[in-house]
Amino acid sequence: MSWLLLLTACLLTCLGQVAQKYAVESWRGVDSSWADKLRSPWLWLALFALGSGLLVWLLVLQRLEVGIAYPMLSLNFVLITLIARFVFREPIDRQHWIGVALVIGGVALLGQQS
């Protein structure tokens with residue numbers, strides 16, 4: 001159950017980050033007031049996802065040691081990199097991919113401890 005909660009926290013946090021990106025992209029080049037920006041469904045999705053992710057994260061911390069749980073959130077780095085590359089078509093250089101591979105290796109090592 002702890003691992004499912006951890007995965008849920010990661011996915012909600014990633015969803016929040018992606019929704020933030022979509023929100024600011026929708027504002028680019030548009031002269032709008034803050035009131036208009038506050039009506040963005042992407043902004044509200046981001047706030048909901050990040051808030052929900054925080055609540056799930058609190059449940060994770062009740063069940064797992066922070067020394068194990070927190071490094072697992074580095075999976076967000078991997079997921080966001082994949083989303084940046086394949087959804088937003090952002091270029092990712094070789095060093096970045098090497099970093100992703102190292103993060104995956106570190107998460108695998110930590111996952112074996114618990």
# chains A, B, ... in the order shown; residues from 1 in each chain; ligands from 1
$ select_by_dssp --residues "chain A" --states "alpha helix (DSSP H)" --output "number ranges by chain"
A: 2-27, 34-38, 41-63, 66-72, 75-86, 94-111
$ residues_around --residues "stretch 44-56 of chain A" --least-positions-apart "2" --cutoff "7 Å" --atoms "only C-alpha atoms" --output "list in words"
Leu5, Ala9, Leu12, Thr13, Leu15, Gly16, Gln17, Ala19, Gln20, Ser40, Pro41, Trp42, Leu58, Leu59 and Val60 of chain A
$ residues_around --residues "A:Phe77" --least-positions-apart "3" --cutoff "10 Å" --atoms "only C-alpha atoms" --output "list of chain:residue names"
A:Cys10, A:Cys14, A:Leu73, A:Ser74, A:Ile80, A:Thr81, A:Leu82, A:Ile83, A:Gly99, A:Val100, A:Val103, A:Ile104
$ atom_distance --atom1 "atom CA of A:Glu25" --atom2 "atom CA of A:Pro91"
17.0 Å
